[in-house]
Amino acid sequence: MKAVASFSQFVGRTFALWVIVFAILGFVFPDIFKQVTPYIVTLLGIIMFGMGLTISLDDFKEVAKRPFEVGIGVVSQFLIMPLLAVLLTAVIPMPPEVAAGVILVGCCPGGTSSNVMTYLSKGDVALSVACTSVTTLLAPIVTPFLVWTFASQYLPVDATAMFMSIVKVVLLPLALGFFLQKLLPGLVKAAVPALPLVSVAGIVLIVAAVVGASKSAIASSGLLIFAVVVLHNGLGYLLGFFAAKAAGLSLAKRKAIAIEVGMQNSGLGAALANTYFSPVAAVPSAIFSVWHNISGALLANYFASRTEDETTEPVVSTR
């Protein structure tokens, strides 16, 4: 078990590399990986079940202790990223399926990778986890509503069916994992070290499947989609940081909210896009999954070198 735990930790630390590798494999061997497409929803459910095994009541106590700070993170997540997606799709010409996919990933909750990146950035990890938990629980209602509001101009949106899907692939696995944690704490504690391996395997297979199923679209529009994703992600970090700063939060909290806003649950985006739109609409989510792990690591490295003192305005003597 120690060997599995060590390998799992290694895979978790090198997550971005594995996502890139499997994205390339999906492009080179599309016939192999597009066979995984029917199992994308199942893979996402397994990932969310793993998240449920690690959620604790303390995560929700943070919400009660710091409602204002968590509220800033949650509102920023569901306001900044959807509106940025709408702006980008309005300014940059792109096929309707791609535009719907960009908006969909923008309307998703925060991704669990943000918690790791916040830790590496020396940010407020408890705040990050609380924001991820709350946006994930709100996703069944908020995500379909936002997608219906902003993406209906590009493709038909069945918000009710999308709500039921998110309940099935997000809330139910989360709840099952949480209750199993309470019923069999010893077994779950022993299994937790292997969870990064399971999560990484699920995400890389989803990415490879989406890339494989959309090879032709990526070959023709891949650079455009990549540029849109980079802008979406980068502006999300920036606006999230300044939203937290405008609210008067400390640097550690600004780091957490910036990363939380910029990093999406792109696995959920890929699953919903593939189910309700098309494999092409899932491409923005797949590319987002690759890019935000790279950009998040780079931003965390930069943030880690920043301290509160460095952001304090120098006092200028008037004498």
# chains A, B, ... in the order shown; residues from 1 in each chain; ligands from 1
$ residues_around --residues "segment 263-266 of chain A" --least-positions-apart "2" --cutoff "10 Å" --atoms "only C-alpha atoms" --output "VMD selection string"
chain A and resid 77 81 104 to 115 117 132 136 203 206 to 207 232 to 234 236 to 237 257 to 261 268 to 272 282 284 to 293 295 to 296
$ residues_around --residues "Phe145 of chain A" --least-positions-apart "3" --cutoff "12 Å" --atoms "only C-alpha atoms" --output "short mmCIF file (atom, residue, chain, number, x, y, z; two decimals) with C-alpha atoms, in the first residue's frame"
data_model
loop_
_atom_site.label_atom_id
_atom_site.label_comp_id
_atom_site.auth_asym_id
_atom_site.auth_seq_id
_atom_site.Cartn_x
_atom_site.Cartn_y
_atom_site.Cartn_z
CA PHE A 78 -20.12 32.43 -10.83
CA PRO A 82 -19.37 33.27 -17.15
CA ILE A 103 -19.53 29.46 -22.00
CA LEU A 104 -20.23 26.07 -20.44
CA CYS A 107 -20.28 28.43 -15.86
CA CYS A 108 -18.80 25.42 -14.05
CA LEU A 138 -24.54 25.09 -5.94
CA ALA A 139 -23.58 23.82 -9.39
CA PRO A 140 -26.76 21.76 -10.09
CA ILE A 141 -28.84 24.93 -9.95
CA VAL A 142 -26.43 27.72 -10.92
CA TRP A 148 -29.28 28.43 -20.43
CA THR A 149 -29.02 32.22 -20.01
CA PHE A 150 -25.81 32.73 -21.98
CA ALA A 151 -25.41 29.77 -24.37
CA SER A 152 -28.95 29.40 -25.73
CA VAL A 157 -29.99 24.14 -23.82
CA ASP A 158 -32.06 21.71 -21.75
CA ALA A 159 -31.46 23.22 -18.31
CA THR A 160 -33.70 20.71 -16.51
CA ALA A 161 -31.87 17.69 -17.94
CA MET A 162 -28.55 19.36 -17.19
CA PHE A 163 -29.66 19.91 -13.58
#
$ closest_residue --among "A:Ala217, A:Ala126, A:Gly212, A:Val204" --to "Ala16 of chain A" --atoms "only C-alpha atoms"
A:Val204
$ closest_residue --among "A:Ala244, A:Val280, A:Leu146, A:Val86" --to "Ile72 of chain A" --atoms "only C-alpha atoms"
A:Ala244
$ residues_around --residues "segment 180-193 of chain A" --least-positions-apart "6" --cutoff "10 Å" --atoms "only C-alpha atoms" --output "MDAnalysis selection string"
chainID A and resid 1:2 4:9 49:56 174
$ closest_residue --among "A:Asn301, A:Ser128, A:Thr14, A:Ser133" --to "Arg254 of chain A" --atoms "only C-alpha atoms"
A:Ser128
$ atom_distance --atom1 "atom CA of Ile40 of chain A" --atom2 "atom CA of Val167 of chain A"
15.4 Å
$ atom_distance --atom1 "atom CA of Ala201 of chain A" --atom2 "atom CA of Leu43 of chain A"
8.9 Å
$ residues_around --residues "Pro38 of chain A" --least-positions-apart "4" --cutoff "10 Å" --atoms "only C-alpha atoms" --output "ChimeraX atom specification"
/A:34,42-43,209,271,274-275
$ atom_distance --atom1 "atom CA of Ile46 of chain A" --atom2 "atom CA of Val170 of chain A"
9.3 Å
$ closest_residue --among "A:Val134, A:Lys122, A:Val116, A:Lys245" --to "Asp59 of chain A" --atoms "only C-alpha atoms"
A:Val134
$ closest_residue --among "A:Ala247, A:Val147, A:Ala252, A:Val98" --to "Leu127 of chain A" --atoms "only C-alpha atoms"
A:Ala252
$ residues_around --residues "Gln153 of chain A" --least-positions-apart "5" --cutoff "10 Å" --atoms "only C-alpha atoms" --output "ChimeraX atom specification"
/A:96,99-100,148
